[in-house]
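Below is structure-v3.pdb, which holds PDB, N, CA, C and O atoms, pLDDT in the B column.
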```pdb
ATOM      1  N   MET C   1    -123.889 145.669 124.420  1.00 46.00           N
ATOM      2  CA  MET C   1    -122.550 145.819 123.878  1.00 46.00           C
ATOM      3  C   MET C   1    -122.105 144.466 123.345  1.00 46.00           C
ATOM      4  O   MET C   1    -122.307 143.448 123.973  1.00 46.00           O
ATOM      5  N   ASP C   2    -121.468 144.453 122.194  1.00 47.00           N
ATOM      6  CA  ASP C   2    -120.971 143.229 121.588  1.00 47.00           C
ATOM      7  C   ASP C   2    -119.458 143.334 121.474  1.00 47.00           C
ATOM      8  O   ASP C   2    -118.952 144.149 120.719  1.00 47.00           O
ATOM      9  N   ILE C   3    -118.750 142.562 122.256  1.00 46.00           N
ATOM     10  CA  ILE C   3    -117.285 142.539 122.193  1.00 46.00           C
ATOM     11  C   ILE C   3    -116.899 141.309 121.383  1.00 46.00           C
ATOM     12  O   ILE C   3    -117.050 140.196 121.839  1.00 46.00           O
ATOM     13  N   SER C   4    -116.416 141.507 120.156  1.00 46.00           N
ATOM     14  CA  SER C   4    -116.120 140.394 119.257  1.00 46.00           C
ATOM     15  C   SER C   4    -114.618 140.261 119.019  1.00 46.00           C
ATOM     16  O   SER C   4    -113.893 141.235 119.060  1.00 46.00           O
ATOM     17  N   GLY C   5    -114.197 139.071 118.742  1.00 45.00           N
ATOM     18  CA  GLY C   5    -112.843 138.839 118.268  1.00 45.00           C
ATOM     19  C   GLY C   5    -111.806 138.541 119.335  1.00 45.00           C
ATOM     20  O   GLY C   5    -110.834 137.879 119.064  1.00 45.00           O
ATOM     21  N   THR C   6    -111.995 139.004 120.544  1.00 45.00           N
ATOM     22  CA  THR C   6    -111.022 138.747 121.603  1.00 45.00           C
ATOM     23  C   THR C   6    -111.705 138.980 122.939  1.00 45.00           C
ATOM     24  O   THR C   6    -112.739 139.635 123.001  1.00 45.00           O
ATOM     25  N   SER C   7    -111.153 138.456 123.991  1.00 47.00           N
ATOM     26  CA  SER C   7    -111.759 138.687 125.294  1.00 47.00           C
ATOM     27  C   SER C   7    -111.489 140.124 125.730  1.00 47.00           C
ATOM     28  O   SER C   7    -110.475 140.711 125.385  1.00 47.00           O
ATOM     29  N   THR C   8    -112.408 140.692 126.477  1.00 49.00           N
ATOM     30  CA  THR C   8    -112.271 142.073 126.918  1.00 49.00           C
ATOM     31  C   THR C   8    -110.990 142.262 127.708  1.00 49.00           C
ATOM     32  O   THR C   8    -110.256 143.221 127.493  1.00 49.00           O
ATOM     33  N   GLY C   9    -110.695 141.361 128.615  1.00 50.00           N
ATOM     34  CA  GLY C   9    -109.494 141.479 129.425  1.00 50.00           C
ATOM     35  C   GLY C   9    -108.232 141.484 128.593  1.00 50.00           C
ATOM     36  O   GLY C   9    -107.310 142.253 128.843  1.00 50.00           O
ATOM     37  N   GLN C  10    -108.185 140.647 127.595  1.00 50.00           N
ATOM     38  CA  GLN C  10    -107.032 140.563 126.704  1.00 50.00           C
ATOM     39  C   GLN C  10    -106.825 141.893 125.986  1.00 50.00           C
ATOM     40  O   GLN C  10    -105.724 142.408 125.916  1.00 50.00           O
ATOM     41  N   TRP C  11    -107.909 142.461 125.448  1.00 51.00           N
ATOM     42  CA  TRP C  11    -107.814 143.714 124.713  1.00 51.00           C
ATOM     43  C   TRP C  11    -107.532 144.869 125.656  1.00 51.00           C
ATOM     44  O   TRP C  11    -106.769 145.764 125.337  1.00 51.00           O
ATOM     45  N   GLU C  12    -108.130 144.830 126.837  1.00 50.00           N
ATOM     46  CA  GLU C  12    -107.967 145.895 127.816  1.00 50.00           C
ATOM     47  C   GLU C  12    -106.507 146.063 128.212  1.00 50.00           C
ATOM     48  O   GLU C  12    -106.024 147.184 128.375  1.00 50.00           O
ATOM     49  N   MET C  13    -105.797 144.965 128.329  1.00 49.00           N
ATOM     50  CA  MET C  13    -104.397 145.042 128.715  1.00 49.00           C
ATOM     51  C   MET C  13    -103.546 145.631 127.596  1.00 49.00           C
ATOM     52  O   MET C  13    -102.496 146.177 127.849  1.00 49.00           O
ATOM     53  N   LYS C  14    -104.000 145.550 126.362  1.00 56.00           N
ATOM     54  CA  LYS C  14    -103.196 145.987 125.229  1.00 56.00           C
ATOM     55  C   LYS C  14    -103.357 147.472 124.918  1.00 56.00           C
ATOM     56  O   LYS C  14    -102.618 148.004 124.115  1.00 56.00           O
ATOM     57  N   THR C  15    -104.352 148.132 125.497  1.00 65.00           N
ATOM     58  CA  THR C  15    -104.567 149.533 125.158  1.00 65.00           C
ATOM     59  C   THR C  15    -104.918 150.353 126.385  1.00 65.00           C
ATOM     60  O   THR C  15    -105.651 149.904 127.246  1.00 65.00           O
ATOM     61  N   ARG C  16    -104.390 151.532 126.432  1.00 70.00           N
ATOM     62  CA  ARG C  16    -104.723 152.426 127.541  1.00 70.00           C
ATOM     63  C   ARG C  16    -106.024 153.163 127.280  1.00 70.00           C
ATOM     64  O   ARG C  16    -106.512 153.890 128.135  1.00 70.00           O
ATOM     65  N   PHE C  17    -106.587 152.986 126.083  1.00 76.00           N
ATOM     66  CA  PHE C  17    -107.799 153.699 125.706  1.00 76.00           C
ATOM     67  C   PHE C  17    -109.077 152.979 126.095  1.00 76.00           C
ATOM     68  O   PHE C  17    -110.156 153.549 126.028  1.00 76.00           O
ATOM     69  N   PHE C  18    -108.990 151.728 126.499  1.00 79.00           N
ATOM     70  CA  PHE C  18    -110.198 150.946 126.751  1.00 79.00           C
ATOM     71  C   PHE C  18    -111.068 151.583 127.828  1.00 79.00           C
ATOM     72  O   PHE C  18    -112.291 151.590 127.714  1.00 79.00           O
ATOM     73  N   GLU C  19    -110.456 152.160 128.859  1.00 82.00           N
ATOM     74  CA  GLU C  19    -111.209 152.828 129.919  1.00 82.00           C
ATOM     75  C   GLU C  19    -112.051 153.977 129.342  1.00 82.00           C
ATOM     76  O   GLU C  19    -113.187 154.195 129.747  1.00 82.00           O
ATOM     77  N   HIS C  20    -111.493 154.691 128.372  1.00 85.00           N
ATOM     78  CA  HIS C  20    -112.219 155.788 127.738  1.00 85.00           C
ATOM     79  C   HIS C  20    -113.389 155.260 126.898  1.00 85.00           C
ATOM     80  O   HIS C  20    -114.456 155.872 126.852  1.00 85.00           O
ATOM     81  N   PHE C  21    -113.182 154.139 126.233  1.00 86.00           N
ATOM     82  CA  PHE C  21    -114.267 153.534 125.458  1.00 86.00           C
ATOM     83  C   PHE C  21    -115.418 153.143 126.379  1.00 86.00           C
ATOM     84  O   PHE C  21    -116.582 153.359 126.055  1.00 86.00           O
ATOM     85  N   LEU C  22    -115.079 152.574 127.534  1.00 87.00           N
ATOM     86  CA  LEU C  22    -116.120 152.194 128.489  1.00 87.00           C
ATOM     87  C   LEU C  22    -116.852 153.428 129.015  1.00 87.00           C
ATOM     88  O   LEU C  22    -118.067 153.390 129.230  1.00 87.00           O
ATOM     89  N   GLY C  23    -116.134 154.525 129.198  1.00 90.00           N
ATOM     90  CA  GLY C  23    -116.765 155.775 129.606  1.00 90.00           C
ATOM     91  C   GLY C  23    -117.742 156.278 128.552  1.00 90.00           C
ATOM     92  O   GLY C  23    -118.845 156.738 128.872  1.00 90.00           O
ATOM     93  N   ASP C  24    -117.347 156.182 127.286  1.00 92.00           N
ATOM     94  CA  ASP C  24    -118.249 156.555 126.187  1.00 92.00           C
ATOM     95  C   ASP C  24    -119.494 155.672 126.186  1.00 92.00           C
ATOM     96  O   ASP C  24    -120.607 156.152 125.959  1.00 92.00           O
ATOM     97  N   ASP C  25    -119.296 154.377 126.440  1.00 92.00           N
ATOM     98  CA  ASP C  25    -120.426 153.445 126.481  1.00 92.00           C
ATOM     99  C   ASP C  25    -121.395 153.812 127.606  1.00 92.00           C
ATOM    100  O   ASP C  25    -122.610 153.798 127.416  1.00 92.00           O
ATOM    101  N   ARG C  26    -120.854 154.148 128.775  1.00 94.00           N
ATOM    102  CA  ARG C  26    -121.706 154.561 129.903  1.00 94.00           C
ATOM    103  C   ARG C  26    -122.479 155.829 129.567  1.00 94.00           C
ATOM    104  O   ARG C  26    -123.668 155.950 129.871  1.00 94.00           O
ATOM    105  N   LEU C  27    -121.815 156.790 128.936  1.00 95.00           N
ATOM    106  CA  LEU C  27    -122.472 158.036 128.559  1.00 95.00           C
ATOM    107  C   LEU C  27    -123.635 157.775 127.611  1.00 95.00           C
ATOM    108  O   LEU C  27    -124.740 158.299 127.799  1.00 95.00           O
ATOM    109  N   CYS C  28    -123.399 156.951 126.590  1.00 94.00           N
ATOM    110  CA  CYS C  28    -124.471 156.613 125.648  1.00 94.00           C
ATOM    111  C   CYS C  28    -125.624 155.922 126.366  1.00 94.00           C
ATOM    112  O   CYS C  28    -126.795 156.248 126.131  1.00 94.00           O
ATOM    113  N   SER C  29    -125.309 154.982 127.226  1.00 94.00           N
ATOM    114  CA  SER C  29    -126.350 154.271 127.975  1.00 94.00           C
ATOM    115  C   SER C  29    -127.141 155.236 128.847  1.00 94.00           C
ATOM    116  O   SER C  29    -128.373 155.183 128.887  1.00 94.00           O
ATOM    117  N   ASP C  30    -126.453 156.135 129.534  1.00 95.00           N
ATOM    118  CA  ASP C  30    -127.124 157.105 130.404  1.00 95.00           C
ATOM    119  C   ASP C  30    -128.051 158.025 129.623  1.00 95.00           C
ATOM    120  O   ASP C  30    -129.082 158.454 130.130  1.00 95.00           O
ATOM    121  N   LYS C  31    -127.697 158.330 128.393  1.00 96.00           N
ATOM    122  CA  LYS C  31    -128.502 159.223 127.550  1.00 96.00           C
ATOM    123  C   LYS C  31    -129.562 158.476 126.746  1.00 96.00           C
ATOM    124  O   LYS C  31    -130.298 159.081 125.972  1.00 96.00           O
ATOM    125  N   GLY C  32    -129.608 157.147 126.906  1.00 95.00           N
ATOM    126  CA  GLY C  32    -130.593 156.347 126.189  1.00 95.00           C
ATOM    127  C   GLY C  32    -130.262 156.155 124.715  1.00 95.00           C
ATOM    128  O   GLY C  32    -131.140 155.889 123.899  1.00 95.00           O
ATOM    129  N   ILE C  33    -128.984 156.286 124.367  1.00 95.00           N
ATOM    130  CA  ILE C  33    -128.541 156.130 122.979  1.00 95.00           C
ATOM    131  C   ILE C  33    -128.176 154.667 122.740  1.00 95.00           C
ATOM    132  O   ILE C  33    -127.326 154.105 123.438  1.00 95.00           O
ATOM    133  N   HIS C  34    -128.836 154.049 121.759  1.00 92.00           N
ATOM    134  CA  HIS C  34    -128.532 152.657 121.407  1.00 92.00           C
ATOM    135  C   HIS C  34    -127.186 152.630 120.674  1.00 92.00           C
ATOM    136  O   HIS C  34    -126.950 153.428 119.776  1.00 92.00           O
ATOM    137  N   PHE C  35    -126.320 151.726 121.073  1.00 90.00           N
ATOM    138  CA  PHE C  35    -125.016 151.601 120.434  1.00 90.00           C
ATOM    139  C   PHE C  35    -124.579 150.150 120.461  1.00 90.00           C
ATOM    140  O   PHE C  35    -125.148 149.327 121.167  1.00 90.00           O
ATOM    141  N   GLN C  36    -123.585 149.866 119.670  1.00 88.00           N
ATOM    142  CA  GLN C  36    -123.003 148.526 119.647  1.00 88.00           C
ATOM    143  C   GLN C  36    -121.499 148.689 119.513  1.00 88.00           C
ATOM    144  O   GLN C  36    -121.024 149.322 118.574  1.00 88.00           O
ATOM    145  N   ARG C  37    -120.754 148.170 120.454  1.00 86.00           N
ATOM    146  CA  ARG C  37    -119.294 148.233 120.396  1.00 86.00           C
ATOM    147  C   ARG C  37    -118.774 146.873 119.949  1.00 86.00           C
ATOM    148  O   ARG C  37    -119.149 145.848 120.496  1.00 86.00           O
ATOM    149  N   LYS C  38    -117.916 146.882 118.971  1.00 86.00           N
ATOM    150  CA  LYS C  38    -117.261 145.655 118.542  1.00 86.00           C
ATOM    151  C   LYS C  38    -115.756 145.870 118.634  1.00 86.00           C
ATOM    152  O   LYS C  38    -115.263 146.920 118.242  1.00 86.00           O
ATOM    153  N   VAL C  39    -115.069 144.888 119.151  1.00 83.00           N
ATOM    154  CA  VAL C  39    -113.620 144.937 119.281  1.00 83.00           C
ATOM    155  C   VAL C  39    -113.059 143.821 118.410  1.00 83.00           C
ATOM    156  O   VAL C  39    -113.485 142.672 118.513  1.00 83.00           O
ATOM    157  N   TYR C  40    -112.133 144.172 117.553  1.00 84.00           N
ATOM    158  CA  TYR C  40    -111.570 143.213 116.611  1.00 84.00           C
ATOM    159  C   TYR C  40    -110.128 142.900 116.973  1.00 84.00           C
ATOM    160  O   TYR C  40    -109.388 143.788 117.400  1.00 84.00           O
ATOM    161  N   LYS C  41    -109.754 141.669 116.766  1.00 83.00           N
ATOM    162  CA  LYS C  41    -108.374 141.246 117.014  1.00 83.00           C
ATOM    163  C   LYS C  41    -107.489 141.814 115.905  1.00 83.00           C
ATOM    164  O   LYS C  41    -107.831 141.750 114.724  1.00 83.00           O
ATOM    165  N   GLY C  42    -106.390 142.392 116.286  1.00 81.00           N
ATOM    166  CA  GLY C  42    -105.454 142.937 115.304  1.00 81.00           C
ATOM    167  C   GLY C  42    -105.033 144.346 115.663  1.00 81.00           C
ATOM    168  O   GLY C  42    -105.346 144.854 116.731  1.00 81.00           O
ATOM    169  N   THR C  43    -104.334 144.968 114.738  1.00 80.00           N
ATOM    170  CA  THR C  43    -103.848 146.332 114.953  1.00 80.00           C
ATOM    171  C   THR C  43    -104.601 147.289 114.044  1.00 80.00           C
ATOM    172  O   THR C  43    -105.492 146.884 113.304  1.00 80.00           O
ATOM    173  N   HIS C  44    -104.223 148.548 114.082  1.00 80.00           N
ATOM    174  CA  HIS C  44    -104.886 149.579 113.289  1.00 80.00           C
ATOM    175  C   HIS C  44    -104.374 149.497 111.849  1.00 80.00           C
ATOM    176  O   HIS C  44    -103.544 150.299 111.406  1.00 80.00           O
ATOM    177  N   ASP C  45    -104.856 148.487 111.116  1.00 87.00           N
ATOM    178  CA  ASP C  45    -104.414 148.318 109.732  1.00 87.00           C
ATOM    179  C   ASP C  45    -105.575 147.858 108.857  1.00 87.00           C
ATOM    180  O   ASP C  45    -106.695 147.689 109.317  1.00 87.00           O
ATOM    181  N   TRP C  46    -105.311 147.670 107.584  1.00 91.00           N
ATOM    182  CA  TRP C  46    -106.352 147.370 106.614  1.00 91.00           C
ATOM    183  C   TRP C  46    -107.110 146.084 106.947  1.00 91.00           C
ATOM    184  O   TRP C  46    -108.318 146.003 106.739  1.00 91.00           O
ATOM    185  N   ASN C  47    -106.443 145.072 107.447  1.00 90.00           N
ATOM    186  CA  ASN C  47    -107.116 143.808 107.747  1.00 90.00           C
ATOM    187  C   ASN C  47    -108.226 144.005 108.773  1.00 90.00           C
ATOM    188  O   ASN C  47    -109.310 143.427 108.663  1.00 90.00           O
ATOM    189  N   VAL C  48    -107.986 144.827 109.775  1.00 89.00           N
ATOM    190  CA  VAL C  48    -109.000 145.109 110.795  1.00 89.00           C
ATOM    191  C   VAL C  48    -110.074 146.027 110.213  1.00 89.00           C
ATOM    192  O   VAL C  48    -111.269 145.805 110.410  1.00 89.00           O
ATOM    193  N   TRP C  49    -109.664 147.051 109.475  1.00 91.00           N
ATOM    194  CA  TRP C  49    -110.632 147.971 108.871  1.00 91.00           C
ATOM    195  C   TRP C  49    -111.581 147.224 107.937  1.00 91.00           C
ATOM    196  O   TRP C  49    -112.767 147.533 107.861  1.00 91.00           O
ATOM    197  N   ARG C  50    -111.071 146.245 107.219  1.00 94.00           N
ATOM    198  CA  ARG C  50    -111.902 145.469 106.287  1.00 94.00           C
ATOM    199  C   ARG C  50    -113.004 144.731 107.040  1.00 94.00           C
ATOM    200  O   ARG C  50    -114.163 144.714 106.614  1.00 94.00           O
ATOM    201  N   MET C  51    -112.665 144.145 108.183  1.00 92.00           N
ATOM    202  CA  MET C  51    -113.683 143.468 108.996  1.00 92.00           C
ATOM    203  C   MET C  51    -114.710 144.473 109.524  1.00 92.00           C
ATOM    204  O   MET C  51    -115.907 144.203 109.538  1.00 92.00           O
ATOM    205  N   CYS C  52    -114.212 145.629 109.970  1.00 91.00           N
ATOM    206  CA  CYS C  52    -115.104 146.662 110.511  1.00 91.00           C
ATOM    207  C   CYS C  52    -116.078 147.155 109.449  1.00 91.00           C
ATOM    208  O   CYS C  52    -117.287 147.284 109.703  1.00 91.00           O
ATOM    209  N   ILE C  53    -115.585 147.452 108.276  1.00 93.00           N
ATOM    210  CA  ILE C  53    -116.440 147.995 107.225  1.00 93.00           C
ATOM    211  C   ILE C  53    -117.454 146.957 106.765  1.00 93.00           C
ATOM    212  O   ILE C  53    -118.596 147.288 106.469  1.00 93.00           O
ATOM    213  N   ASN C  54    -117.054 145.706 106.755  1.00 93.00           N
ATOM    214  CA  ASN C  54    -117.977 144.628 106.382  1.00 93.00           C
ATOM    215  C   ASN C  54    -119.137 144.561 107.379  1.00 93.00           C
ATOM    216  O   ASN C  54    -120.305 144.522 106.987  1.00 93.00           O
ATOM    217  N   ASP C  55    -118.836 144.582 108.667  1.00 92.00           N
ATOM    218  CA  ASP C  55    -119.884 144.541 109.698  1.00 92.00           C
ATOM    219  C   ASP C  55    -120.754 145.794 109.658  1.00 92.00           C
ATOM    220  O   ASP C  55    -121.975 145.730 109.761  1.00 92.00           O
ATOM    221  N   PHE C  56    -120.117 146.964 109.510  1.00 92.00           N
ATOM    222  CA  PHE C  56    -120.860 148.226 109.504  1.00 92.00           C
ATOM    223  C   PHE C  56    -121.805 148.300 108.302  1.00 92.00           C
ATOM    224  O   PHE C  56    -122.968 148.687 108.441  1.00 92.00           O
ATOM    225  N   ALA C  57    -121.331 147.901 107.133  1.00 94.00           N
ATOM    226  CA  ALA C  57    -122.176 147.945 105.928  1.00 94.00           C
ATOM    227  C   ALA C  57    -123.397 147.047 106.092  1.00 94.00           C
ATOM    228  O   ALA C  57    -124.505 147.415 105.681  1.00 94.00           O
ATOM    229  N   GLN C  58    -123.220 145.883 106.715  1.00 92.00           N
ATOM    230  CA  GLN C  58    -124.359 144.997 106.933  1.00 92.00           C
ATOM    231  C   GLN C  58    -125.375 145.608 107.884  1.00 92.00           C
ATOM    232  O   GLN C  58    -126.577 145.400 107.733  1.00 92.00           O
ATOM    233  N   MET C  59    -124.909 146.383 108.862  1.00 89.00           N
ATOM    234  CA  MET C  59    -125.828 147.016 109.815  1.00 89.00           C
ATOM    235  C   MET C  59    -126.612 148.150 109.179  1.00 89.00           C
ATOM    236  O   MET C  59    -127.808 148.287 109.408  1.00 89.00           O
ATOM    237  N   ILE C  60    -125.965 148.979 108.359  1.00 91.00           N
ATOM    238  CA  ILE C  60    -126.671 150.144 107.837  1.00 91.00           C
ATOM    239  C   ILE C  60    -127.536 149.831 106.617  1.00 91.00           C
ATOM    240  O   ILE C  60    -128.422 150.616 106.291  1.00 91.00           O
ATOM    241  N   PHE C  61    -127.274 148.713 105.955  1.00 90.00           N
ATOM    242  CA  PHE C  61    -128.073 148.363 104.790  1.00 90.00           C
ATOM    243  C   PHE C  61    -129.062 147.236 105.057  1.00 90.00           C
ATOM    244  O   PHE C  61    -129.518 146.570 104.140  1.00 90.00           O
ATOM    245  N   LYS C  62    -129.415 147.030 106.342  1.00 80.00           N
ATOM    246  CA  LYS C  62    -130.429 146.033 106.702  1.00 80.00           C
ATOM    247  C   LYS C  62    -131.791 146.496 106.201  1.00 80.00           C
ATOM    248  O   LYS C  62    -132.068 147.672 106.158  1.00 80.00           O
ATOM    249  N   LYS C  63    -132.629 145.538 105.881  1.00 69.00           N
ATOM    250  CA  LYS C  63    -134.021 145.884 105.507  1.00 69.00           C
ATOM    251  C   LYS C  63    -134.859 145.990 106.733  1.00 69.00           C
ATOM    252  O   LYS C  63    -134.697 145.396 107.717  1.00 69.00           O
TER     253      LYS C  63
END
```

Let me see whether you can do it: turn the structure in this file into structure tokens.
Amino acid sequence: MDISGTSTGQWEMKTRFFEHFLGDDRLCSDKGIHFQRKVYKGTHDWNVWRMCINDFAQMIFKK
């Protein structure tokens, strides 16, 4: 798991959903599904989405 942009504790305090994300991560791990979680500093807006799409595009278009 890759937690980027802020410390886990800092982000965890800001959202009630973090526990659910960790549950999803455990489920994927238990099923042997490779995943990567990235957490970005900011809110649900274009500035954060732009960083996400940039990282995602680099992952899917790797040689």

Discussion item. Quick check, in Å to one decimal: how far apart do atom C of Lys31 in chain C and CA of Phe18 in chain C lie?
Written reply: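 Result for atom C of Lys31 in chain C versus CA of Phe18 in chain C: 20.8 Å, one decimal.
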
Could you work out an axis-aligned box for range 26-37 of chain C, taking every atom the file lists and adding 8 Å on each side, and report centre and edge lengths in Å to one decimal, as lines of an AutoDock Vina configuration file?
```
center_x = -125.0
center_y = 152.5
center_z = 124.5
size_x = 28.4
size_y = 29.4
size_z = 27.8
```

Worksheet, complete the sentence: Taken to one decimal, the atom O of Met59 in chain C-atom C of Arg16 in chain C distance is 28.6 Å

Discussion item. I'd like the interatomic distance between atom C of Phe56 in chain C and atom C of Gly23 in chain C, to a tenth of an Å.
Written reply: 22.1 Å

Missing atoms in range 40-49 of chain C need filling: write out all heavy atoms for it as a PDB file, keeping the file's coordinate frame.
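Result file result.pdb:
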```pdb
ATOM      1  N   TYR C  40    -112.133 144.172 117.553  1.00 84.00           N
ATOM      2  CA  TYR C  40    -111.570 143.213 116.611  1.00 84.00           C
ATOM      3  C   TYR C  40    -110.128 142.900 116.973  1.00 84.00           C
ATOM      4  O   TYR C  40    -109.388 143.788 117.400  1.00 84.00           O
ATOM      5  CB  TYR C  40    -111.617 143.790 115.190  1.00 84.00           C
ATOM      6  CG  TYR C  40    -113.015 144.054 114.724  1.00 84.00           C
ATOM      7  CD1 TYR C  40    -113.638 145.269 114.989  1.00 84.00           C
ATOM      8  CD2 TYR C  40    -113.726 143.090 114.038  1.00 84.00           C
ATOM      9  CE1 TYR C  40    -114.927 145.518 114.573  1.00 84.00           C
ATOM     10  CE2 TYR C  40    -115.021 143.326 113.613  1.00 84.00           C
ATOM     11  CZ  TYR C  40    -115.617 144.547 113.884  1.00 84.00           C
ATOM     12  OH  TYR C  40    -116.898 144.775 113.471  1.00 84.00           O
ATOM     13  N   LYS C  41    -109.754 141.669 116.766  1.00 83.00           N
ATOM     14  CA  LYS C  41    -108.374 141.246 117.014  1.00 83.00           C
ATOM     15  C   LYS C  41    -107.489 141.814 115.905  1.00 83.00           C
ATOM     16  O   LYS C  41    -107.831 141.750 114.724  1.00 83.00           O
ATOM     17  CB  LYS C  41    -108.312 139.721 117.002  1.00 83.00           C
ATOM     18  CG  LYS C  41    -106.965 139.173 117.370  1.00 83.00           C
ATOM     19  CD  LYS C  41    -107.006 137.670 117.429  1.00 83.00           C
ATOM     20  CE  LYS C  41    -105.658 137.130 117.839  1.00 83.00           C
ATOM     21  NZ  LYS C  41    -105.688 135.680 117.923  1.00 83.00           N
ATOM     22  N   GLY C  42    -106.390 142.392 116.286  1.00 81.00           N
ATOM     23  CA  GLY C  42    -105.454 142.937 115.304  1.00 81.00           C
ATOM     24  C   GLY C  42    -105.033 144.346 115.663  1.00 81.00           C
ATOM     25  O   GLY C  42    -105.346 144.854 116.731  1.00 81.00           O
ATOM     26  N   THR C  43    -104.334 144.968 114.738  1.00 80.00           N
ATOM     27  CA  THR C  43    -103.848 146.332 114.953  1.00 80.00           C
ATOM     28  C   THR C  43    -104.601 147.289 114.044  1.00 80.00           C
ATOM     29  O   THR C  43    -105.492 146.884 113.304  1.00 80.00           O
ATOM     30  CB  THR C  43    -102.337 146.411 114.646  1.00 80.00           C
ATOM     31  OG1 THR C  43    -102.117 146.028 113.289  1.00 80.00           O
ATOM     32  CG2 THR C  43    -101.537 145.511 115.578  1.00 80.00           C
ATOM     33  N   HIS C  44    -104.223 148.548 114.082  1.00 80.00           N
ATOM     34  CA  HIS C  44    -104.886 149.579 113.289  1.00 80.00           C
ATOM     35  C   HIS C  44    -104.374 149.497 111.849  1.00 80.00           C
ATOM     36  O   HIS C  44    -103.544 150.299 111.406  1.00 80.00           O
ATOM     37  CB  HIS C  44    -104.586 150.940 113.914  1.00 80.00           C
ATOM     38  CG  HIS C  44    -105.412 152.048 113.369  1.00 80.00           C
ATOM     39  ND1 HIS C  44    -106.686 152.289 113.798  1.00 80.00           N
ATOM     40  CD2 HIS C  44    -105.163 152.974 112.431  1.00 80.00           C
ATOM     41  CE1 HIS C  44    -107.183 153.318 113.153  1.00 80.00           C
ATOM     42  NE2 HIS C  44    -106.265 153.761 112.320  1.00 80.00           N
ATOM     43  N   ASP C  45    -104.856 148.487 111.116  1.00 87.00           N
ATOM     44  CA  ASP C  45    -104.414 148.318 109.732  1.00 87.00           C
ATOM     45  C   ASP C  45    -105.575 147.858 108.857  1.00 87.00           C
ATOM     46  O   ASP C  45    -106.695 147.689 109.317  1.00 87.00           O
ATOM     47  CB  ASP C  45    -103.236 147.347 109.643  1.00 87.00           C
ATOM     48  CG  ASP C  45    -103.573 145.921 110.045  1.00 87.00           C
ATOM     49  OD1 ASP C  45    -104.752 145.582 110.201  1.00 87.00           O
ATOM     50  OD2 ASP C  45    -102.632 145.120 110.206  1.00 87.00           O
ATOM     51  N   TRP C  46    -105.311 147.670 107.584  1.00 91.00           N
ATOM     52  CA  TRP C  46    -106.352 147.370 106.614  1.00 91.00           C
ATOM     53  C   TRP C  46    -107.110 146.084 106.947  1.00 91.00           C
ATOM     54  O   TRP C  46    -108.318 146.003 106.739  1.00 91.00           O
ATOM     55  CB  TRP C  46    -105.778 147.285 105.207  1.00 91.00           C
ATOM     56  CG  TRP C  46    -106.812 146.811 104.221  1.00 91.00           C
ATOM     57  CD1 TRP C  46    -106.785 145.647 103.519  1.00 91.00           C
ATOM     58  CD2 TRP C  46    -108.039 147.467 103.869  1.00 91.00           C
ATOM     59  NE1 TRP C  46    -107.914 145.537 102.749  1.00 91.00           N
ATOM     60  CE2 TRP C  46    -108.712 146.646 102.942  1.00 91.00           C
ATOM     61  CE3 TRP C  46    -108.655 148.655 104.258  1.00 91.00           C
ATOM     62  CZ2 TRP C  46    -109.935 146.976 102.389  1.00 91.00           C
ATOM     63  CZ3 TRP C  46    -109.885 148.980 103.706  1.00 91.00           C
ATOM     64  CH2 TRP C  46    -110.497 148.155 102.791  1.00 91.00           C
ATOM     65  N   ASN C  47    -106.443 145.072 107.447  1.00 90.00           N
ATOM     66  CA  ASN C  47    -107.116 143.808 107.747  1.00 90.00           C
ATOM     67  C   ASN C  47    -108.226 144.005 108.773  1.00 90.00           C
ATOM     68  O   ASN C  47    -109.310 143.427 108.663  1.00 90.00           O
ATOM     69  CB  ASN C  47    -106.118 142.757 108.241  1.00 90.00           C
ATOM     70  CG  ASN C  47    -105.176 142.333 107.142  1.00 90.00           C
ATOM     71  OD1 ASN C  47    -105.576 142.174 105.999  1.00 90.00           O
ATOM     72  ND2 ASN C  47    -103.910 142.181 107.477  1.00 90.00           N
ATOM     73  N   VAL C  48    -107.986 144.827 109.775  1.00 89.00           N
ATOM     74  CA  VAL C  48    -109.000 145.109 110.795  1.00 89.00           C
ATOM     75  C   VAL C  48    -110.074 146.027 110.213  1.00 89.00           C
ATOM     76  O   VAL C  48    -111.269 145.805 110.410  1.00 89.00           O
ATOM     77  CB  VAL C  48    -108.360 145.717 112.052  1.00 89.00           C
ATOM     78  CG1 VAL C  48    -109.422 146.146 113.049  1.00 89.00           C
ATOM     79  CG2 VAL C  48    -107.409 144.710 112.693  1.00 89.00           C
ATOM     80  N   TRP C  49    -109.664 147.051 109.475  1.00 91.00           N
ATOM     81  CA  TRP C  49    -110.632 147.971 108.871  1.00 91.00           C
ATOM     82  C   TRP C  49    -111.581 147.224 107.937  1.00 91.00           C
ATOM     83  O   TRP C  49    -112.767 147.533 107.861  1.00 91.00           O
ATOM     84  CB  TRP C  49    -109.904 149.078 108.100  1.00 91.00           C
ATOM     85  CG  TRP C  49    -109.437 150.159 109.002  1.00 91.00           C
ATOM     86  CD1 TRP C  49    -108.355 150.127 109.832  1.00 91.00           C
ATOM     87  CD2 TRP C  49    -110.062 151.422 109.198  1.00 91.00           C
ATOM     88  NE1 TRP C  49    -108.258 151.296 110.525  1.00 91.00           N
ATOM     89  CE2 TRP C  49    -109.289 152.126 110.148  1.00 91.00           C
ATOM     90  CE3 TRP C  49    -111.181 152.038 108.654  1.00 91.00           C
ATOM     91  CZ2 TRP C  49    -109.619 153.392 110.570  1.00 91.00           C
ATOM     92  CZ3 TRP C  49    -111.498 153.317 109.073  1.00 91.00           C
ATOM     93  CH2 TRP C  49    -110.723 153.974 110.023  1.00 91.00           C
TER      94      TRP C  49
END
```
